[in-house]
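Listing of target-v3.pdb; format and content: PDB, C-alpha atoms.
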ATOM      1  CA  MET A 504       0.000   0.000   0.000
ATOM      2  CA  SER A 505       1.397   3.382  -1.027
ATOM      3  CA  ALA A 506       1.455   6.468   1.166
ATOM      4  CA  ALA A 507      -1.365   8.073  -0.831
ATOM      5  CA  GLN A 508      -3.578   5.000  -0.404
ATOM      6  CA  ALA A 509      -2.811   4.859   3.331
ATOM      7  CA  TRP A 510      -3.733   8.520   3.748
ATOM      8  CA  ALA A 511      -6.893   8.022   1.705
ATOM      9  CA  LEU A 512      -7.918   5.071   3.892
ATOM     10  CA  PHE A 513      -7.200   6.994   7.084
ATOM     11  CA  CYS A 514      -9.032  10.165   5.986
ATOM     12  CA  GLY A 515     -12.013   8.174   4.689
ATOM     13  CA  THR A 516     -12.325   6.242   7.939
ATOM     14  CA  ALA A 517     -12.048   9.426  10.009
ATOM     15  CA  LEU A 518     -14.654  11.155   7.828
ATOM     16  CA  GLY A 519     -17.066   8.222   8.104
ATOM     17  CA  VAL A 520     -16.739   7.949  11.868
ATOM     18  CA  GLY A 521     -17.121  11.710  12.266
ATOM     19  CA  LEU A 522     -20.249  11.888  10.105
ATOM     20  CA  TRP A 523     -21.793   8.905  11.900
ATOM     21  CA  SER A 524     -21.022  10.443  15.285
ATOM     22  CA  LEU A 525     -22.633  13.717  14.222
ATOM     23  CA  ALA A 526     -25.668  11.848  12.927
ATOM     24  CA  SER A 527     -26.041  10.040  16.257
ATOM     25  CA  LEU A 528     -26.248  13.414  18.052
ATOM     26  CA  VAL A 529     -29.335  14.513  16.133
ATOM     27  CA  PRO A 530     -32.149  14.896  18.726
ATOM     28  CA  ARG A 531     -34.554  12.576  16.916
ATOM     29  CA  LEU A 532     -31.897   9.868  16.693
ATOM     30  CA  SER A 533     -30.269  10.335  20.111
ATOM     31  CA  ARG A 534     -33.367  10.746  22.317
ATOM     32  CA  PRO A 535     -33.753   7.943  24.893
ATOM     33  CA  ARG A 536     -35.984   5.044  24.016
ATOM     34  CA  LEU A 537     -38.655   3.578  26.273
ATOM     35  CA  ALA A 538     -36.314   0.767  27.357
ATOM     36  CA  GLN A 539     -33.642   3.274  28.373
ATOM     37  CA  ARG A 540     -36.134   5.203  30.493
ATOM     38  CA  LEU A 541     -37.599   2.149  32.236
ATOM     39  CA  ALA A 542     -34.473   0.031  32.789
ATOM     40  CA  PRO A 543     -33.056   1.978  35.824
ATOM     41  CA  TYR A 544     -36.330   1.458  37.735
ATOM     42  CA  ILE A 545     -36.542  -2.334  37.375
ATOM     43  CA  LEU A 546     -32.931  -3.292  38.082
ATOM     44  CA  ASP A 547     -33.882  -5.309  41.172
ATOM     45  CA  VAL A 548     -36.327  -7.561  39.301
ATOM     46  CA  SER A 549     -34.890  -7.833  35.782
ATOM     47  CA  ALA A 550     -31.528  -9.254  34.769
ATOM     48  CA  GLU A 551     -32.050  -7.922  31.240
ATOM     49  CA  ALA A 552     -32.422  -4.401  32.650
ATOM     50  CA  ARG A 553     -29.180  -4.758  34.620
ATOM     51  CA  LEU A 554     -27.397  -5.954  31.494
ATOM     52  CA  PHE A 555     -28.895  -3.095  29.480
ATOM     53  CA  VAL A 556     -27.827  -0.440  32.005
ATOM     54  CA  GLY A 557     -24.386  -2.022  32.299
ATOM     55  CA  ARG A 558     -23.611  -1.279  28.678
ATOM     56  CA  THR A 559     -21.208   1.650  28.601
ATOM     57  CA  THR A 560     -20.137   3.931  25.810
ATOM     58  CA  VAL A 561     -17.266   6.321  25.368
ATOM     59  CA  HIS A 562     -18.877   9.725  25.678
ATOM     60  CA  PRO A 563     -16.959  11.719  23.040
ATOM     61  CA  LEU A 564     -17.461   8.955  20.442
ATOM     62  CA  PRO A 565     -20.682   7.081  21.293
ATOM     63  CA  VAL A 566     -20.680   5.049  18.072
ATOM     64  CA  LEU A 567     -17.191   3.627  18.600
ATOM     65  CA  GLY A 568     -17.917   3.233  22.292
ATOM     66  CA  THR A 569     -20.873   0.986  21.535
ATOM     67  CA  LEU A 570     -19.026  -1.067  18.919
ATOM     68  CA  PHE A 571     -15.842  -1.573  20.929
ATOM     69  CA  ALA A 572     -17.207  -1.527  24.479
ATOM     70  CA  PRO A 573     -15.232  -4.641  25.636
ATOM     71  CA  VAL A 574     -11.948  -3.217  24.351
ATOM     72  CA  PHE A 575     -12.613   0.193  25.863
ATOM     73  CA  GLY A 576     -13.586  -1.440  29.152
ATOM     74  CA  ALA A 577     -10.282  -3.313  29.277
ATOM     75  CA  LEU A 578      -8.381  -0.124  28.478
ATOM     76  CA  LYS A 579     -10.193   1.781  31.230
ATOM     77  CA  ARG A 580      -9.384  -0.919  33.757
ATOM     78  CA  ALA A 581      -5.738  -0.883  32.654
ATOM     79  CA  PHE A 582      -5.544   2.896  33.031
ATOM     80  CA  GLY A 583      -7.151   2.615  36.463
ATOM     81  CA  ALA A 584      -4.549   0.068  37.548
ATOM     82  CA  VAL A 585      -1.563   2.022  36.192
ATOM     83  CA  LEU A 586      -2.489   5.689  36.739
ATOM     84  CA  GLY A 587      -4.321   5.486  40.042
ATOM     85  CA  GLY A 588      -7.411   4.030  41.614
ATOM     86  CA  THR A 589     -10.979   5.205  41.468
ATOM     87  CA  GLU A 590     -10.735   7.055  44.779
ATOM     88  CA  THR A 591      -7.886   9.273  43.562
ATOM     89  CA  ILE A 592      -9.665  10.153  40.334
ATOM     90  CA  ALA A 593     -12.954  10.797  42.135
ATOM     91  CA  ARG A 594     -11.214  13.127  44.592
ATOM     92  CA  ARG A 595      -9.503  15.042  41.786
ATOM     93  CA  LEU A 596     -12.777  15.360  39.895
ATOM     94  CA  ARG A 597     -14.493  16.753  42.989
ATOM     95  CA  GLN A 598     -11.619  19.151  43.647
ATOM     96  CA  SER A 599     -11.688  20.392  40.051
ATOM     97  CA  GLY A 600     -15.438  21.022  40.251
ATOM     98  CA  SER A 601     -16.224  18.610  37.437
ATOM     99  CA  VAL A 602     -19.608  16.901  37.296
ATOM    100  CA  ARG A 603     -18.213  13.905  35.433
ATOM    101  CA  GLY A 604     -17.978  10.493  37.009
ATOM    102  CA  THR A 605     -14.915   8.293  37.102
ATOM    103  CA  ASP A 606     -16.205   6.048  34.336
ATOM    104  CA  GLU A 607     -16.789   9.000  32.021
ATOM    105  CA  TYR A 608     -13.345  10.367  32.844
ATOM    106  CA  ARG A 609     -11.736   7.021  32.020
ATOM    107  CA  SER A 610     -13.627   7.033  28.734
ATOM    108  CA  GLU A 611     -12.210  10.444  27.912
ATOM    109  CA  GLN A 612      -8.753   9.202  28.849
ATOM    110  CA  VAL A 613      -9.148   6.274  26.445
ATOM    111  CA  VAL A 614     -10.170   8.680  23.676
ATOM    112  CA  TRP A 615      -7.122  10.862  24.395
ATOM    113  CA  ALA A 616      -4.898   7.774  24.251
ATOM    114  CA  LEU A 617      -6.420   6.716  20.916
ATOM    115  CA  ALA A 618      -5.971  10.248  19.582
ATOM    116  CA  GLY A 619      -2.321  10.142  20.625
ATOM    117  CA  LEU A 620      -1.966   6.749  18.961
ATOM    118  CA  PHE A 621      -3.421   8.062  15.703
ATOM    119  CA  VAL A 622      -1.214  11.156  15.824
ATOM    120  CA  GLY A 623       1.875   9.031  16.446
ATOM    121  CA  ALA A 624       0.975   6.571  13.708
ATOM    122  CA  GLY A 625       0.243   9.445  11.321
ATOM    123  CA  ALA A 626       3.598  11.037  12.090
ATOM    124  CA  VAL A 627       5.361   7.718  11.513
ATOM    125  CA  VAL A 628       3.595   7.248   8.167
ATOM    126  CA  ALA A 629       3.913  10.846   6.967
ATOM    127  CA  LEU A 630       7.454  11.827   7.993
ATOM    128  CA  PRO A 631      10.310  10.232   6.008
ATOM    129  CA  ALA A 632      12.648  10.338   9.006
ATOM    130  CA  PHE A 633      10.332   7.975  10.905
ATOM    131  CA  ARG A 634       9.596   5.702   7.950
ATOM    132  CA  SER A 635      13.300   4.857   7.651
ATOM    133  CA  MET A 636      13.382   3.521  11.208
ATOM    134  CA  PRO A 637      12.822  -0.159  12.071
ATOM    135  CA  VAL A 638       9.241  -1.352  12.437
ATOM    136  CA  LEU A 639       9.682  -2.025  16.146
ATOM    137  CA  VAL A 640      10.795   1.564  16.750
ATOM    138  CA  GLN A 641       7.796   2.858  14.800
ATOM    139  CA  VAL A 642       5.420   0.770  16.911
ATOM    140  CA  VAL A 643       7.110   1.925  20.115
ATOM    141  CA  LEU A 644       6.774   5.568  19.032
ATOM    142  CA  SER A 645       3.061   5.098  18.387
ATOM    143  CA  VAL A 646       2.577   3.441  21.797
ATOM    144  CA  VAL A 647       4.536   6.235  23.492
ATOM    145  CA  ALA A 648       2.299   8.794  21.775
ATOM    146  CA  ALA A 649      -0.781   6.935  23.065
ATOM    147  CA  ALA A 650       0.623   6.869  26.602
ATOM    148  CA  GLY A 651       1.395  10.570  26.280
ATOM    149  CA  GLY A 652      -2.229  11.284  25.385
ATOM    150  CA  ALA A 653      -3.508   9.431  28.465
ATOM    151  CA  LEU A 654      -0.957  11.106  30.736
ATOM    152  CA  ALA A 655      -1.798  14.507  29.258
ATOM    153  CA  ARG A 656      -5.460  14.050  30.236
ATOM    154  CA  ASP A 657      -4.425  13.015  33.747
ATOM    155  CA  TRP A 658      -2.075  16.004  33.986
ATOM    156  CA  MET A 659      -4.831  18.382  32.893
ATOM    157  CA  LEU A 660      -7.152  17.002  35.591
ATOM    158  CA  GLY A 661      -4.497  17.436  38.272
ATOM    159  CA  ARG A 662      -3.743  20.956  37.070
ATOM    160  CA  ALA A 663      -7.434  21.896  37.124
ATOM    161  CA  ALA A 664      -7.827  20.515  40.656
ATOM    162  CA  THR A 665      -4.715  22.345  41.888
ATOM    163  CA  ALA A 666      -5.808  25.628  40.315
ATOM    164  CA  ARG A 667      -9.293  25.412  41.829
ATOM    165  CA  LEU A 668      -7.892  24.615  45.281
ATOM    166  CA  ALA A 669      -5.554  27.615  44.978
ATOM    167  CA  ARG A 670      -8.507  29.861  44.157
ATOM    168  CA  MET A 671     -10.367  28.513  47.177
ATOM    169  CA  GLN A 672      -7.339  29.149  49.372
ATOM    170  CA  SER A 673      -7.130  32.761  48.185
ATOM    171  CA  GLU A 674     -10.877  33.285  48.766
ATOM    172  CA  PHE A 675     -10.836  31.678  52.202
ATOM    173  CA  PRO A 676      -9.890  34.711  54.399
ATOM    174  CA  THR A 677     -12.410  37.003  52.681
ATOM    175  CA  VAL A 678     -15.216  34.485  53.079
ATOM    176  CA  LEU A 679     -14.375  34.024  56.763
ATOM    177  CA  GLU A 680     -14.381  37.769  57.397
ATOM    178  CA  PHE A 681     -17.736  38.090  55.648
ATOM    179  CA  MET A 682     -19.156  35.300  57.794
ATOM    180  CA  THR A 683     -17.711  36.977  60.896
ATOM    181  CA  LEU A 684     -19.520  40.208  60.044
ATOM    182  CA  SER A 685     -22.781  38.348  59.536
ATOM    183  CA  LEU A 686     -22.435  36.504  62.845
ATOM    184  CA  SER A 687     -21.515  39.716  64.673
ATOM    185  CA  ALA A 688     -24.698  41.299  63.276
ATOM    186  CA  GLY A 689     -26.776  38.622  65.018
ATOM    187  CA  GLU A 690     -27.338  36.059  62.258
ATOM    188  CA  GLY A 691     -26.985  32.339  62.761
ATOM    189  CA  ILE A 692     -24.337  30.179  61.136
ATOM    190  CA  LEU A 693     -26.725  28.865  58.474
ATOM    191  CA  ASP A 694     -27.925  32.384  57.629
ATOM    192  CA  ALA A 695     -24.311  33.552  57.423
ATOM    193  CA  LEU A 696     -23.449  30.714  55.047
ATOM    194  CA  ALA A 697     -26.503  31.496  52.928
ATOM    195  CA  ARG A 698     -25.639  35.196  52.768
ATOM    196  CA  VAL A 699     -22.038  34.502  51.769
ATOM    197  CA  SER A 700     -23.033  32.020  49.073
ATOM    198  CA  ARG A 701     -25.737  34.375  47.776
ATOM    199  CA  THR A 702     -23.815  37.644  47.624
ATOM    200  CA  SER A 703     -20.304  36.477  46.696
ATOM    201  CA  THR A 704     -18.891  34.730  43.669
ATOM    202  CA  GLY A 705     -16.129  32.184  43.680
ATOM    203  CA  GLU A 706     -15.367  28.519  44.036
ATOM    204  CA  LEU A 707     -15.620  28.425  47.822
ATOM    205  CA  SER A 708     -18.945  30.265  47.850
ATOM    206  CA  ARG A 709     -20.348  27.693  45.407
ATOM    207  CA  GLU A 710     -19.311  24.902  47.737
ATOM    208  CA  LEU A 711     -20.942  26.717  50.655
ATOM    209  CA  ALA A 712     -24.094  27.099  48.577
ATOM    210  CA  GLY A 713     -24.122  23.312  48.247
ATOM    211  CA  VAL A 714     -23.852  23.008  52.044
ATOM    212  CA  VAL A 715     -26.806  25.375  52.492
ATOM    213  CA  ALA A 716     -28.856  23.402  49.966
ATOM    214  CA  ASP A 717     -28.087  20.131  51.778
ATOM    215  CA  VAL A 718     -29.068  21.585  55.152
ATOM    216  CA  ARG A 719     -32.341  22.918  53.787
ATOM    217  CA  THR A 720     -33.191  19.457  52.450
ATOM    218  CA  GLY A 721     -32.854  17.932  55.929
ATOM    219  CA  VAL A 722     -29.148  17.115  56.287
ATOM    220  CA  PRO A 723     -27.642  18.176  59.643
ATOM    221  CA  LEU A 724     -25.264  21.115  59.428
ATOM    222  CA  ALA A 725     -22.321  19.225  60.939
ATOM    223  CA  THR A 726     -22.810  16.351  58.490
ATOM    224  CA  ALA A 727     -22.966  18.727  55.506
ATOM    225  CA  LEU A 728     -19.830  20.563  56.647
ATOM    226  CA  HIS A 729     -17.878  17.324  57.117
ATOM    227  CA  ALA A 730     -19.018  16.184  53.662
ATOM    228  CA  LEU A 731     -17.666  19.469  52.275
ATOM    229  CA  SER A 732     -14.286  18.966  53.952
ATOM    230  CA  ARG A 733     -14.035  15.412  52.604
ATOM    231  CA  ARG A 734     -15.124  16.511  49.146
ATOM    232  CA  ILE A 735     -12.511  19.184  48.542
ATOM    233  CA  ALA A 736      -9.810  17.972  50.998
ATOM    234  CA  LEU A 737      -8.406  21.473  51.602
ATOM    235  CA  PRO A 738      -6.537  21.698  54.948
ATOM    236  CA  ALA A 739      -7.826  25.202  55.738
ATOM    237  CA  VAL A 740     -11.434  24.165  55.150
ATOM    238  CA  THR A 741     -10.914  21.009  57.193
ATOM    239  CA  ARG A 742      -9.628  23.047  60.149
ATOM    240  CA  LEU A 743     -12.542  25.455  59.780
ATOM    241  CA  VAL A 744     -15.088  22.635  59.805
ATOM    242  CA  ASP A 745     -13.495  21.059  62.869
ATOM    243  CA  GLN A 746     -13.497  24.358  64.764
ATOM    244  CA  VAL A 747     -17.057  25.278  63.751
ATOM    245  CA  THR A 748     -18.484  21.879  64.689
ATOM    246  CA  GLY A 749     -16.540  21.949  67.961
ATOM    247  CA  ALA A 750     -17.847  25.432  68.728
ATOM    248  CA  LEU A 751     -21.403  24.334  67.971
ATOM    249  CA  ASP A 752     -21.058  21.344  70.285
ATOM    250  CA  ARG A 753     -19.541  23.367  73.160
ATOM    251  CA  GLY A 754     -21.564  26.533  72.638
ATOM    252  CA  THR A 755     -18.518  28.737  71.960
ATOM    253  CA  PRO A 756     -19.191  32.070  70.158
ATOM    254  CA  LEU A 757     -18.580  31.440  66.461
ATOM    255  CA  ALA A 758     -17.640  35.021  65.596
ATOM    256  CA  GLU A 759     -14.421  34.885  67.618
ATOM    257  CA  VAL A 760     -13.568  31.475  66.216
ATOM    258  CA  LEU A 761     -14.005  32.640  62.613
ATOM    259  CA  ARG A 762     -12.106  35.895  63.257
ATOM    260  CA  ALA A 763      -9.130  33.969  64.611
ATOM    261  CA  GLN A 764      -9.330  31.520  61.712
ATOM    262  CA  ALA A 765      -9.352  34.402  59.198
ATOM    263  CA  GLN A 766      -6.304  35.985  60.825
ATOM    264  CA  ASP A 767      -4.467  32.660  60.719
ATOM    265  CA  ALA A 768      -5.360  32.308  57.035
ATOM    266  CA  ARG A 769      -4.014  35.817  56.318
ATOM    267  CA  ASP A 770      -0.762  35.048  58.147
ATOM    268  CA  GLU A 771      -0.380  31.757  56.306
ATOM    269  CA  ALA A 772      -0.914  33.496  52.960
ATOM    270  CA  LYS A 773       1.809  36.017  53.855
ATOM    271  CA  ARG A 774       4.211  33.226  54.800
ATOM    272  CA  GLU A 775       3.526  31.400  51.550
ATOM    273  CA  LEU A 776       4.092  34.611  49.576
ATOM    274  CA  ILE A 777       7.437  35.177  51.314
ATOM    275  CA  GLU A 778       8.456  31.568  50.620
ATOM    276  CA  VAL A 779       7.532  31.884  46.942
ATOM    277  CA  ALA A 780       9.465  35.137  46.687
ATOM    278  CA  GLY A 781      12.500  33.492  48.280
ATOM    279  CA  LYS A 782      12.358  30.584  45.847
ATOM    280  CA  LYS A 783      12.011  32.880  42.832
ATOM    281  CA  GLU A 784      14.626  35.404  43.894
ATOM    282  CA  VAL A 785      16.991  34.426  41.080
ATOM    283  CA  ALA A 786      14.201  34.456  38.501
ATOM    284  CA  MET A 787      13.191  37.934  39.659
ATOM    285  CA  LEU A 788      16.728  39.148  38.895
ATOM    286  CA  VAL A 789      16.378  38.291  35.202
ATOM    287  CA  PRO A 790      14.186  41.296  34.226
ATOM    288  CA  LEU A 791      16.231  43.498  36.537
ATOM    289  CA  VAL A 792      19.580  42.562  34.973
ATOM    290  CA  PHE A 793      18.556  42.197  31.336
ATOM    291  CA  LEU A 794      15.808  44.858  31.040
ATOM    292  CA  ILE A 795      15.816  47.514  33.740
ATOM    293  CA  LEU A 796      19.591  47.820  34.234
ATOM    294  CA  PRO A 797      20.451  48.229  30.498
ATOM    295  CA  MET A 798      17.722  50.856  30.089
ATOM    296  CA  THR A 799      19.044  52.740  33.137
ATOM    297  CA  ILE A 800      22.593  52.712  31.765
ATOM    298  CA  LEU A 801      21.313  53.806  28.371
ATOM    299  CA  PHE A 802      19.428  56.759  29.817
ATOM    300  CA  ALA A 803      22.483  57.726  31.895
ATOM    301  CA  ILE A 804      25.039  57.509  29.067
ATOM    302  CA  PHE A 805      23.027  58.718  26.072
ATOM    303  CA  PRO A 806      22.968  62.445  27.017
ATOM    304  CA  GLY A 807      26.746  62.497  27.486
ATOM    305  CA  LEU A 808      27.349  60.731  24.170
ATOM    306  CA  PHE A 809      24.991  63.147  22.431
ATOM    307  CA  ILE A 810      26.852  66.162  23.853
ATOM    308  CA  LEU A 811      30.247  64.705  22.895
ATOM    309  CA  GLN A 812      29.103  64.040  19.346
ATOM    310  CA  SER A 813      27.597  67.487  19.077
ATOM    311  CA  GLY A 814      30.755  69.175  20.411
ATOM    312  CA  PHE A 815      33.132  67.424  18.073
TER     313      PHE A 815
END

So that I can check it, write out the structure of this file as structure tokens.
Amino acid sequence: MSAAQAWALFCGTALGVGLWSLASLVPRLSRPRLAQRLAPYILDVSAEARLFVGRTTVHPLPVLGTLFAPVFGALKRAFGAVLGGTETIARRLRQSGSVRGTDEYRSEQVVWALAGLFVGAGAVVALPAFRSMPVLVQVVLSVVAAAGGALARDWMLGRAATARLARMQSEFPTVLEFMTLSLSAGEGILDALARVSRTSTGELSRELAGVVADVRTGVPLATALHALSRRIALPAVTRLVDQVTGALDRGTPLAEVLRAQAQDARDEAKRELIEVAGKKEVAMLVPLVFLILPMTILFAIFPGLFILQSGF
């Protein structure tokens, strides 16, 4: 098979799969059938319903997910065994604020790995430098590209979780001070949480809005707060929940507790800023040495040079 025929086969297959995937997303074709709506409600009495619900698809490519469900299932289990268990992925998804489940995330990771495999195989076929290599090296390059795609998706999830936790950490002192003002004005802890979640914007306020919603549906406040601390696993929030629940149990005034917690959060943020500045001291010298210092010397020397040239 020539290179032109290989490219024609690859582009035709990609076009066919893409058109079929787009056709499957048409509302009339993709709306749930009666069996799909009834199966979740009769799982305890019907083995066929359990088998029907157990069928999984890869979300970005539902057609391929249905056709190659056993292969994709094996790949998802392999990624789970190599890259981390379900608990780690579930915690990262919660920390990143994603509404996806672990199974859907693994499906996306499989798709990223397949995309990396196709990119690697395409590079091997298209570039002459790779075609001259042995077949084993070409296969290894394609597999490495596939592994890179899966690791890239995992890296993006970890980066999103870290960035969201950093935003929560930066919002934490302000939210505590706002709650302190509400408590000092005579409101209860639930009213203070509701006011903060209603009038402020940010990641932490959204999580507090979830706590308020849980409490209003009948969940005890302490239980909802502990669920929040387990969900995001942020040390500052965990300490806050422990102190608030302890104050509620002992009857300690919450305003003083939150004020002290906010001051500790401010001091910790200052310490972290000083540590970051100390670590990046050399990097901060780069613009000083290569940008500011040459411009200063230029402004100091240029008038003298201009006068000397004008005088002679």

Counting only C-alpha atoms, what is within 7 Å of stretch 683-696 of chain A, bar same-chain residues fewer than 5 positions away, as a PyMOL selection string?
chain A and resi 711+715+758+761-762

At what distance in Å, to one decimal, does atom CA of A:Pro637 lie from atom CA of A:Gly651?
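Answer for the atom CA of A:Gly651 to atom CA of A:Pro637 separation: 21.2 Å.
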
Given only C-alpha atoms as the basis, pick out the residue of A:Ala618, A:Pro723, A:Gln598, A:Glu607 nearest to A:Arg670.
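The answer is A:Gln598, which sits nearest to A:Arg670.
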
Carefully work through the PyMOL selection byres ((chain A and resi 660) around 12) for this structure and note down the residues it includes, as a ChimeraX atom specification.
/A:591-601,603,605,608-609,611-612,653-659,661-667

Counting only C-alpha atoms, which of A:Val622, A:Val699, A:Val548, A:Val760 gets nearest to A:Phe513?
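Closest to A:Phe513, using only C-alpha atoms: A:Val622.
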
One-decimal distance in Å that lies between atom CA of A:Ser645 and atom CA of A:Phe621:
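These atoms are spaced 7.6 Å apart.
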